>>> print(open('data_28.cif').read())   # mmCIF, C-alpha atoms
data_my_file
loop_
_atom_site.group_PDB
_atom_site.id
_atom_site.type_symbol
_atom_site.label_atom_id
_atom_site.label_comp_id
_atom_site.auth_asym_id
_atom_site.auth_seq_id
_atom_site.Cartn_x
_atom_site.Cartn_y
_atom_site.Cartn_z
ATOM 1 C CA MET A 26 -49.044 27.096 -36.337
ATOM 2 C CA ASN A 27 -51.162 25.350 -33.763
ATOM 3 C CA TRP A 28 -49.364 26.261 -30.545
ATOM 4 C CA GLU A 29 -51.696 24.202 -28.418
ATOM 5 C CA ARG A 30 -50.788 21.064 -30.388
ATOM 6 C CA VAL A 31 -47.055 21.873 -30.136
ATOM 7 C CA LYS A 32 -47.414 22.385 -26.395
ATOM 8 C CA THR A 33 -49.177 19.038 -26.049
ATOM 9 C CA TRP A 34 -46.451 17.213 -27.972
ATOM 10 C CA LEU A 35 -43.753 18.881 -25.862
ATOM 11 C CA ILE A 36 -45.479 17.766 -22.670
ATOM 12 C CA ILE A 37 -45.713 14.205 -24.016
ATOM 13 C CA ALA A 38 -42.021 14.265 -25.047
ATOM 14 C CA PHE A 39 -40.880 15.488 -21.633
ATOM 15 C CA ALA A 40 -43.065 12.896 -19.904
ATOM 16 C CA LEU A 41 -41.509 10.121 -22.012
ATOM 17 C CA LEU A 42 -38.022 11.475 -21.252
ATOM 18 C CA ASP A 43 -38.789 11.459 -17.524
ATOM 19 C CA LEU A 44 -39.970 7.861 -17.785
ATOM 20 C CA LEU A 45 -36.803 6.858 -19.661
ATOM 21 C CA LEU A 46 -34.513 8.545 -17.133
ATOM 22 C CA GLY A 47 -36.442 7.041 -14.246
ATOM 23 C CA TRP A 48 -36.119 3.586 -15.793
ATOM 24 C CA GLN A 49 -32.341 4.040 -16.180
ATOM 25 C CA VAL A 50 -31.986 5.150 -12.552
ATOM 26 C CA TRP A 51 -34.011 2.137 -11.401
ATOM 27 C CA LEU A 52 -31.823 -0.227 -13.446
ATOM 28 C CA GLN A 53 -28.658 1.345 -11.996
ATOM 29 C CA ARG A 54 -29.992 0.923 -8.465
ATOM 30 C CA GLN A 55 -30.856 -2.710 -9.160
ATOM 31 C CA ASP A 56 -27.335 -3.319 -10.491
ATOM 32 C CA MET A 57 -25.829 -1.694 -7.400
ATOM 33 C CA LEU A 58 -27.984 -3.790 -5.066
ATOM 34 C CA GLN A 59 -27.110 -6.970 -6.960
ATOM 35 C CA ALA A 60 -23.380 -6.135 -6.849
ATOM 36 C CA ALA A 61 -23.564 -5.428 -3.119
ATOM 37 C CA THR A 62 -25.317 -8.735 -2.520
ATOM 38 C CA SER A 63 -22.743 -10.564 -4.653
ATOM 39 C CA ASP A 64 -19.853 -8.944 -2.749
ATOM 40 C CA GLN A 65 -21.427 -9.905 0.566
ATOM 41 C CA ASP A 66 -21.902 -13.507 -0.593
ATOM 42 C CA LEU A 67 -18.322 -13.557 -1.865
ATOM 43 C CA LEU A 68 -17.055 -12.282 1.486
ATOM 44 C CA VAL A 69 -18.954 -15.007 3.354
ATOM 45 C CA ASP A 70 -17.673 -17.734 1.018
ATOM 46 C CA THR A 71 -14.081 -16.463 1.241
ATOM 47 C CA ARG A 72 -14.200 -16.232 5.019
ATOM 48 C CA THR A 73 -15.512 -19.819 5.196
ATOM 49 C CA LEU A 74 -12.775 -21.139 2.888
ATOM 50 C CA LEU A 75 -10.074 -19.354 4.888
ATOM 51 C CA ALA A 76 -11.462 -20.750 8.146
ATOM 52 C CA GLU A 77 -11.083 -24.258 6.750
ATOM 53 C CA ARG A 78 -7.344 -23.506 6.389
ATOM 54 C CA GLY A 79 -7.010 -22.061 9.866
ATOM 55 C CA PHE A 80 -7.293 -18.363 8.983
ATOM 56 C CA VAL A 81 -9.546 -15.819 10.659
ATOM 57 C CA LEU A 82 -10.374 -12.909 8.345
ATOM 58 C CA ALA A 83 -10.453 -9.831 10.581
ATOM 59 C CA ALA A 84 -9.385 -7.294 7.941
ATOM 60 C CA ASP A 85 -11.294 -5.254 5.399
ATOM 61 C CA VAL A 86 -11.061 -6.679 1.883
ATOM 62 C CA PRO A 87 -10.348 -3.956 -0.717
ATOM 63 C CA GLY A 88 -12.563 -3.922 -3.758
ATOM 64 C CA ASP A 89 -10.249 -2.121 -6.182
ATOM 65 C CA LYS A 90 -8.851 -3.901 -9.270
ATOM 66 C CA PRO A 91 -6.593 -1.387 -10.998
ATOM 67 C CA GLU A 92 -4.342 -1.937 -13.988
ATOM 68 C CA LEU A 93 -0.716 -1.853 -12.824
ATOM 69 C CA ALA A 94 2.664 -2.276 -14.467
ATOM 70 C CA SER A 95 5.728 -3.834 -12.906
ATOM 71 C CA LEU A 96 8.329 -1.261 -11.893
ATOM 72 C CA GLU A 97 12.030 -0.621 -12.204
ATOM 73 C CA ALA A 98 14.000 1.663 -9.896
ATOM 74 C CA ASP A 99 17.532 2.577 -8.868
ATOM 75 C CA PRO A 100 18.959 2.525 -5.329
ATOM 76 C CA ALA A 101 19.073 6.016 -3.848
ATOM 77 C CA GLN A 102 22.595 7.304 -3.251
ATOM 78 C CA PRO A 103 22.307 10.636 -1.417
ATOM 79 C CA SER A 104 25.521 12.180 -0.140
ATOM 80 C CA LEU A 105 26.443 11.783 3.518
ATOM 81 C CA THR A 106 26.025 15.534 3.905
ATOM 82 C CA ASP A 107 22.460 15.407 2.551
ATOM 83 C CA LEU A 108 21.659 12.537 4.918
ATOM 84 C CA ALA A 109 23.062 14.450 7.875
ATOM 85 C CA GLN A 110 21.030 17.547 7.024
ATOM 86 C CA ALA A 111 17.851 15.480 6.834
ATOM 87 C CA MET A 112 18.372 13.089 9.726
ATOM 88 C CA LEU A 113 20.795 14.564 12.293
ATOM 89 C CA PRO A 114 19.374 17.574 14.145
ATOM 90 C CA GLY A 115 21.726 20.346 15.233
ATOM 91 C CA LYS A 116 23.725 23.248 13.872
ATOM 92 C CA ASP A 117 27.217 22.075 14.795
ATOM 93 C CA ALA A 118 29.589 21.047 12.041
ATOM 94 C CA VAL A 119 29.335 17.545 10.609
ATOM 95 C CA VAL A 120 32.366 15.284 10.352
ATOM 96 C CA ALA A 121 32.389 12.837 7.444
ATOM 97 C CA ASP A 122 34.535 9.777 6.838
ATOM 98 C CA PRO A 123 33.876 8.729 3.215
ATOM 99 C CA VAL A 124 36.214 5.744 3.554
ATOM 100 C CA GLN A 125 34.227 4.291 6.445
ATOM 101 C CA GLY A 126 30.975 5.585 4.986
ATOM 102 C CA THR A 127 30.040 7.523 8.131
ATOM 103 C CA ILE A 128 29.117 11.056 9.109
ATOM 104 C CA HIS A 129 28.391 12.379 12.577
ATOM 105 C CA ARG A 130 27.664 15.389 14.717
ATOM 106 C CA ARG A 131 26.834 15.688 18.391
ATOM 107 C CA SER A 132 23.296 14.380 17.917
ATOM 108 C CA GLY A 133 24.321 11.066 16.328
ATOM 109 C CA MET A 134 26.013 9.157 13.529
ATOM 110 C CA ILE A 135 24.962 7.831 10.119
ATOM 111 C CA GLN A 136 26.538 4.672 8.670
ATOM 112 C CA ARG A 137 26.075 3.479 5.106
ATOM 113 C CA VAL A 138 24.998 -0.171 5.253
ATOM 114 C CA ALA A 139 24.717 -0.936 1.528
ATOM 115 C CA VAL A 140 23.870 0.822 -1.707
ATOM 116 C CA GLY A 141 20.559 2.543 -1.057
ATOM 117 C CA GLU A 142 20.559 1.761 2.690
ATOM 118 C CA TRP A 143 21.837 3.565 5.787
ATOM 119 C CA HIS A 144 21.546 3.373 9.580
ATOM 120 C CA VAL A 145 21.304 6.253 12.051
ATOM 121 C CA THR A 146 22.201 5.975 15.737
ATOM 122 C CA TYR A 147 21.296 8.904 17.961
ATOM 123 C CA THR A 148 23.337 10.032 20.955
ATOM 124 C CA GLN A 149 20.850 12.868 21.514
ATOM 125 C CA PRO A 150 17.540 11.184 20.653
ATOM 126 C CA PRO A 151 15.035 13.531 18.980
ATOM 127 C CA ALA A 152 11.361 13.528 19.829
ATOM 128 C CA GLN A 153 9.410 10.680 18.259
ATOM 129 C CA ALA A 154 7.188 13.045 16.269
ATOM 130 C CA ALA A 155 8.701 16.091 14.623
ATOM 131 C CA PRO A 156 6.594 19.297 14.433
ATOM 132 C CA SER A 157 5.720 18.370 10.830
ATOM 133 C CA GLY A 158 4.418 15.005 12.016
ATOM 134 C CA SER A 159 7.082 13.130 10.024
ATOM 135 C CA PRO A 160 10.148 11.340 11.425
ATOM 136 C CA PRO A 161 13.594 12.645 10.412
ATOM 137 C CA LEU A 162 13.875 10.570 7.235
ATOM 138 C CA TRP A 163 15.578 11.350 3.971
ATOM 139 C CA GLN A 164 12.722 12.400 1.636
ATOM 140 C CA PRO A 165 10.013 11.783 4.278
ATOM 141 C CA SER A 166 7.173 12.827 1.941
ATOM 142 C CA LEU A 167 7.776 9.658 -0.108
ATOM 143 C CA TYR A 168 6.971 7.369 2.836
ATOM 144 C CA GLN A 169 3.811 6.335 4.638
ATOM 145 C CA PRO A 170 3.487 4.445 7.948
ATOM 146 C CA ASP A 171 2.479 0.785 7.964
ATOM 147 C CA ALA A 172 0.463 0.086 11.102
ATOM 148 C CA ALA A 173 0.245 -3.634 10.309
ATOM 149 C CA LEU A 174 4.013 -4.096 10.728
ATOM 150 C CA SER A 175 4.639 -1.492 13.428
ATOM 151 C CA SER A 176 4.875 -2.002 17.173
ATOM 152 C CA ARG A 177 5.043 0.225 20.219
ATOM 153 C CA ASP A 178 8.828 0.650 19.930
ATOM 154 C CA ALA A 179 9.306 0.415 16.154
ATOM 155 C CA THR A 180 7.317 2.218 13.463
ATOM 156 C CA VAL A 181 7.690 0.922 9.909
ATOM 157 C CA TYR A 182 7.360 3.269 6.942
ATOM 158 C CA GLU A 183 7.289 2.263 3.259
ATOM 159 C CA GLU A 184 8.163 4.242 0.170
ATOM 160 C CA VAL A 185 5.122 4.848 -2.033
ATOM 161 C CA SER A 186 4.833 4.987 -5.827
ATOM 162 C CA GLY A 187 1.604 5.938 -7.565
ATOM 163 C CA GLY A 188 -0.288 5.566 -4.296
ATOM 164 C CA TYR A 189 0.926 1.992 -3.664
ATOM 165 C CA PRO A 190 3.646 0.994 -1.163
ATOM 166 C CA LEU A 191 6.891 -0.719 -2.083
ATOM 167 C CA PHE A 192 6.690 -3.240 0.731
ATOM 168 C CA ASP A 193 10.434 -3.932 0.894
ATOM 169 C CA VAL A 194 11.635 -0.314 0.615
ATOM 170 C CA GLN A 195 11.287 0.587 4.256
ATOM 171 C CA ALA A 196 12.342 2.900 7.031
ATOM 172 C CA THR A 197 12.221 1.427 10.532
ATOM 173 C CA VAL A 198 12.128 4.055 13.270
ATOM 174 C CA GLU A 199 12.974 2.628 16.700
ATOM 175 C CA SER A 200 12.072 4.595 19.789
ATOM 176 C CA GLN A 201 12.124 4.450 23.552
ATOM 177 C CA ASP A 202 10.263 6.636 26.041
ATOM 178 C CA GLY A 203 8.905 8.804 23.236
ATOM 179 C CA ARG A 204 12.288 9.505 21.625
ATOM 180 C CA ILE A 205 13.892 8.078 18.505
ATOM 181 C CA THR A 206 16.947 5.943 19.214
ATOM 182 C CA SER A 207 17.765 4.709 15.696
ATOM 183 C CA ILE A 208 16.547 4.626 12.103
ATOM 184 C CA THR A 209 17.323 2.154 9.325
ATOM 185 C CA GLN A 210 16.201 3.392 5.926
ATOM 186 C CA THR A 211 16.245 2.069 2.373
ATOM 187 C CA ALA A 212 15.235 4.185 -0.615
ATOM 188 C CA VAL A 213 14.941 3.974 -4.391
ATOM 189 C CA VAL A 214 14.732 6.683 -7.047
ATOM 190 C CA ASN A 215 13.855 6.942 -10.741
ATOM 191 C CA ILE A 216 10.844 4.660 -10.330
ATOM 192 C CA ARG A 217 9.443 3.839 -13.753
ATOM 193 C CA PRO A 218 7.114 1.308 -15.429
ATOM 194 C CA ALA A 219 8.634 -1.879 -16.798
ATOM 195 C CA GLY A 220 6.189 -2.871 -19.504
ATOM 196 C CA ALA A 221 2.522 -2.187 -20.035
ATOM 197 C CA ALA A 222 -0.061 -2.012 -17.274
ATOM 198 C CA LYS A 223 -2.283 -5.070 -16.840
ATOM 199 C CA PRO A 224 -5.384 -5.785 -14.730
ATOM 200 C CA VAL A 225 -4.655 -7.317 -11.333
ATOM 201 C CA ILE A 226 -6.637 -10.096 -9.704
ATOM 202 C CA SER A 227 -9.088 -9.101 -6.996
ATOM 203 C CA ALA A 228 -8.280 -9.264 -3.297
ATOM 204 C CA PHE A 229 -10.878 -12.039 -2.995
ATOM 205 C CA ASP A 230 -9.085 -14.049 -5.686
ATOM 206 C CA ALA A 231 -5.809 -13.519 -3.841
ATOM 207 C CA LEU A 232 -7.308 -14.772 -0.571
ATOM 208 C CA VAL A 233 -8.758 -17.832 -2.305
ATOM 209 C CA SER A 234 -5.325 -18.518 -3.816
ATOM 210 C CA LEU A 235 -3.794 -18.226 -0.357
ATOM 211 C CA ALA A 236 -6.330 -20.618 1.151
ATOM 212 C CA ASN A 237 -5.704 -23.157 -1.600
ATOM 213 C CA SER A 238 -1.923 -22.925 -1.281
ATOM 214 C CA VAL A 239 -1.333 -23.526 2.428
ATOM 215 C CA ASP A 240 -2.062 -26.382 4.771
ATOM 216 C CA LYS A 241 -3.975 -25.892 7.971
ATOM 217 C CA PRO A 242 -1.364 -25.515 10.729
ATOM 218 C CA SER A 243 -1.191 -28.273 13.298
ATOM 219 C CA SER A 244 -0.006 -25.875 15.995
ATOM 220 C CA GLY A 245 -2.006 -23.147 17.636
ATOM 221 C CA ALA A 246 -0.431 -20.390 15.531
ATOM 222 C CA ASP A 247 -2.475 -17.199 15.389
ATOM 223 C CA ASN A 248 -3.352 -16.864 11.703
ATOM 224 C CA THR A 249 -5.711 -13.940 12.119
ATOM 225 C CA ILE A 250 -5.567 -11.807 8.970
ATOM 226 C CA VAL A 251 -5.185 -8.191 10.097
ATOM 227 C CA LYS A 252 -4.375 -6.457 6.799
ATOM 228 C CA VAL A 253 -4.954 -7.012 3.074
ATOM 229 C CA ASN A 254 -3.536 -4.404 0.718
ATOM 230 C CA LEU A 255 -2.084 -3.938 -2.740
ATOM 231 C CA GLY A 256 1.503 -2.870 -3.403
ATOM 232 C CA TYR A 257 4.820 -3.994 -4.844
ATOM 233 C CA VAL A 258 7.616 -6.348 -3.824
ATOM 234 C CA HIS A 259 11.078 -6.780 -5.361
ATOM 235 C CA ARG A 260 11.764 -9.980 -7.267
ATOM 236 C CA MET A 261 14.412 -10.571 -9.978
ATOM 237 C CA ASN A 262 15.328 -6.902 -10.570
ATOM 238 C CA TYR A 263 11.701 -5.723 -10.776
ATOM 239 C CA TRP A 264 8.982 -4.685 -8.367
ATOM 240 C CA PHE A 265 5.897 -6.781 -9.122
ATOM 241 C CA PRO A 266 2.334 -5.920 -8.034
ATOM 242 C CA VAL A 267 1.272 -8.133 -5.131
ATOM 243 C CA TRP A 268 -1.553 -8.486 -2.681
ATOM 244 C CA ARG A 269 0.009 -8.553 0.784
ATOM 245 C CA VAL A 270 -1.789 -10.502 3.506
ATOM 246 C CA VAL A 271 -0.548 -9.870 7.036
ATOM 247 C CA THR A 272 -1.350 -12.236 9.903
ATOM 248 C CA HIS A 273 -0.064 -12.261 13.466
ATOM 249 C CA ALA A 274 2.159 -15.203 12.505
ATOM 250 C CA GLN A 275 3.320 -14.493 8.937
ATOM 251 C CA VAL A 276 3.262 -12.186 5.948
ATOM 252 C CA TYR A 277 2.133 -13.544 2.570
ATOM 253 C CA TYR A 278 2.667 -11.979 -0.832
ATOM 254 C CA ILE A 279 0.301 -13.095 -3.599
ATOM 255 C CA ASN A 280 1.375 -12.181 -7.139
ATOM 256 C CA ALA A 281 -1.355 -9.831 -8.363
ATOM 257 C CA PHE A 282 -1.079 -11.146 -11.923
ATOM 258 C CA THR A 283 -0.741 -14.912 -11.420
ATOM 259 C CA GLY A 284 -2.021 -15.582 -7.894
ATOM 260 C CA GLU A 285 1.233 -17.345 -6.914
ATOM 261 C CA VAL A 286 1.793 -17.262 -3.148
ATOM 262 C CA ASP A 287 5.068 -16.312 -1.502
ATOM 263 C CA THR A 288 5.563 -16.579 2.266
ATOM 264 C CA VAL A 289 7.711 -14.346 4.446
ATOM 265 C CA SER A 290 8.054 -15.428 8.080
#
>>> encode(input="data_28.cif", output="structure tokens")
Amino acid sequence: MNWERVKTWLIIAFALLDLLLGWQVWLQRQDMLQAATSDQDLLVDTRTLLAERGFVLAADVPGDKPELASLEADPAQPSLTDLAQAMLPGKDAVVADPVQGTIHRRSGMIQRVAVGEWHVTYTQPPAQAAPSGSPPLWQPSLYQPDAALSSRDATVYEEVSGGYPLFDVQATVESQDGRITSITQTAVVNIRPAGAAKPVISAFDALVSLANSVDKPSSGADNTIVKVNLGYVHRMNYWFPVWRVVTHAQVYYINAFTGEVDTVS
């Protein structure tokens, strides 16, 4: 066997392979640059269209387009004792009144408001931030804070499923002078898909739909868009994927399948 000839052919083969791999890397870089340019152009066009409708886009626009299914869930119905253990600090005995739907101890009282909803009033307000960094909620690990809806005296948390918030399953923690004065919490359990997952429209498509669905306000309302994010909202017994657009004046929900716009003042 002519080893010199074999060696030559191997060198040629490796050189051709290097050229092929280099060409693929170059093509990938060109595609990435073209996509980045397209996204930048799309952002400029979207911002211009929104401005024509009186909106100022001051928020980041997410680029994700996952496949999501609508959801079903059941209202959470923890016992009053479980709620007291989670939300009323102290070691003194709790006193429950199942007829009135209340339970209390020296630190405060919990009142059932509706199925899956309860309100806590503190007579001994706990510190605003517990050592764990979470407020005294029932199942606090299921919730994440929503800075777009929170204020200095009220922090809004939303229950999360699959990494996406359920925008209308909230806990509102009110505070004063660094201490919690009251909490209103809603919760759901047994969250499950309702049907097959489908691709959602992009955040840019949602913003275009918003711009095309509203009239430019005649007043001087501040329509600065401060948050655009994907989540769920409850409609007709299901939680549907929506793009939520938060402005200083209003909150808009855009159906992530159809682009239909819903307004919440």
>>> atom_distance(input="data_28.cif", atom1="CA of Leu96 (chain A)", atom2="CA of Ala179 (chain A)")
28.1 Å
>>> residues_around(input="data_28.cif", residues="His129 (chain A)", least_positions_apart="4", cutoff="8 Å", atoms="only C-alpha atoms", output="NGL selection string")
:A and (109 or 113 or 119-121 or 133-135)
>>> residues_near_point(input="data_28.cif", point="(9.5, 13.3, -4.1)", cutoff="10 Å", atoms="only C-alpha atoms", output="list in words")
Gln164, Pro165, Ser166, Leu167, Tyr168, Val185, Ser186 and Val214 of chain A
>>> residues_around(input="data_28.cif", residues="Ala111 (chain A)", least_positions_apart="6", cutoff="7 Å", atoms="all atoms listed in the file", output="JSON, numbers by chain")
{"A": [161, 162, 163]}
>>> write_last_selection(input="data_28.cif", atoms="C-alpha atoms", output="mmCIF file, keeping the file's coordinate frame")
data_model
loop_
_atom_site.group_PDB
_atom_site.id
_atom_site.type_symbol
_atom_site.label_atom_id
_atom_site.label_comp_id
_atom_site.auth_asym_id
_atom_site.auth_seq_id
_atom_site.Cartn_x
_atom_site.Cartn_y
_atom_site.Cartn_z
ATOM 1 C CA PRO A 161 13.594 12.645 10.412
ATOM 2 C CA LEU A 162 13.875 10.570 7.235
ATOM 3 C CA TRP A 163 15.578 11.350 3.971
#
>>> resolve_selection(input="data_28.cif", expression="the PyMOL selection byres ((chain A and resi 83) around 10)", output="PDB file with C-alpha atoms, keeping the file's coordinate frame")
ATOM      1  CA  ARG A  72     -14.200 -16.232   5.019  1.00  0.00           C
ATOM      2  CA  PHE A  80      -7.293 -18.363   8.983  1.00  0.00           C
ATOM      3  CA  VAL A  81      -9.546 -15.819  10.659  1.00  0.00           C
ATOM      4  CA  LEU A  82     -10.374 -12.909   8.345  1.00  0.00           C
ATOM      5  CA  ALA A  84      -9.385  -7.294   7.941  1.00  0.00           C
ATOM      6  CA  ASP A  85     -11.294  -5.254   5.399  1.00  0.00           C
ATOM      7  CA  VAL A  86     -11.061  -6.679   1.883  1.00  0.00           C
ATOM      8  CA  THR A 249      -5.711 -13.940  12.119  1.00  0.00           C
ATOM      9  CA  ILE A 250      -5.567 -11.807   8.970  1.00  0.00           C
ATOM     10  CA  VAL A 251      -5.185  -8.191  10.097  1.00  0.00           C
ATOM     11  CA  LYS A 252      -4.375  -6.457   6.799  1.00  0.00           C
ATOM     12  CA  VAL A 253      -4.954  -7.012   3.074  1.00  0.00           C
ATOM     13  CA  THR A 272      -1.350 -12.236   9.903  1.00  0.00           C
TER      14      THR A 272
END
>>> resolve_selection(input="data_28.cif", expression="the PyMOL selection byres ((chain A and resi 147-154) around 9)", output="list in words")
Leu113, Pro114, Arg131, Ser132, Gly133, Met134, Ile135, Val145, Thr146, Ala155, Pro156, Ser157, Gly158, Ser159, Pro160, Pro161, Val198, Glu199, Ser200, Gln201, Asp202, Gly203, Arg204, Ile205, Thr206, Ser207 and Ile208 of chain A
>>> closest_residue(input="data_28.cif", among="A:Val124, A:Pro190, A:Thr197, A:Ala219", to="Asp178 (chain A)", atoms="all atoms listed in the file")
A:Thr197
>>> resolve_selection(input="data_28.cif", expression="the PyMOL selection byres ((chain A and resi 281) around 7)", output="list of chain:residue names")
A:Val225, A:Ile226, A:Pro266, A:Val267, A:Trp268, A:Ile279, A:Asn280, A:Phe282, A:Thr283, A:Gly284
>>> closest_residue(input="data_28.cif", among="A:Leu68, A:Ala98, A:Val213, A:Val194", to="Asp230 (chain A)", atoms="only C-alpha atoms")
A:Leu68
>>> residues_around(input="data_28.cif", residues="His144 (chain A)", least_positions_apart="4", cutoff="7 Å", atoms="only C-alpha atoms", output="NGL selection string")
:A and (135-138 or 208-210)
>>> residues_around(input="data_28.cif", residues="Arg269 (chain A)", least_positions_apart="4", cutoff="6 Å", atoms="only C-alpha atoms", output="mmCIF file with C-alpha atoms, in the coordinates of the input")
data_model
loop_
_atom_site.group_PDB
_atom_site.id
_atom_site.type_symbol
_atom_site.label_atom_id
_atom_site.label_comp_id
_atom_site.auth_asym_id
_atom_site.auth_seq_id
_atom_site.Cartn_x
_atom_site.Cartn_y
_atom_site.Cartn_z
ATOM 1 C CA VAL A 253 -4.954 -7.012 3.074
ATOM 2 C CA ASN A 254 -3.536 -4.404 0.718
ATOM 3 C CA TYR A 277 2.133 -13.544 2.570
ATOM 4 C CA TYR A 278 2.667 -11.979 -0.832
#
>>> atom_distance(input="data_28.cif", atom1="CA of Lys90 (chain A)", atom2="CA of Leu67 (chain A)")
15.4 Å
>>> residues_around(input="data_28.cif", residues="Gln195 (chain A)", least_positions_apart="5", cutoff="7 Å", atoms="only C-alpha atoms", output="PyMOL selection string")
chain A and resi 181-184+210-211
>>> atom_distance(input="data_28.cif", atom1="CA of Ala101 (chain A)", atom2="CA of Trp264 (chain A)")
15.4 Å
>>> residues_near_point(input="data_28.cif", point="(12.5, 1.6, -10.2)", cutoff="6 Å", atoms="only C-alpha atoms", output="JSON, numbers by chain")
{"A": [96, 97, 98, 99, 215, 216, 217]}
>>> closest_residue(input="data_28.cif", among="A:Leu108, A:Val271, A:Ala172, A:Leu93", to="Gly141 (chain A)", atoms="all atoms listed in the file")
A:Leu108
>>> closest_residue(input="data_28.cif", among="A:Val270, A:Ile128, A:Ala236, A:Ala118", to="Leu105 (chain A)", atoms="all atoms listed in the file")
A:Ile128
>>> axis_aligned_box(input="data_28.cif", around="region 177-180 of chain A", padding_each_side="8 Å", output="JSON")
{"center_x": 7.2, "center_y": 1.2, "center_z": 16.8, "size_x": 20.3, "size_y": 18.0, "size_z": 22.8}
>>> closest_residue(input="data_28.cif", among="A:Gln125, A:Gln169, A:Gln65, A:Asn262", to="Phe192 (chain A)", atoms="only C-alpha atoms")
A:Gln169
>>> closest_residue(input="data_28.cif", among="A:Ser238, A:Glu285, A:Ser176, A:Asp70", to="His273 (chain A)", atoms="only C-alpha atoms")
A:Ser176
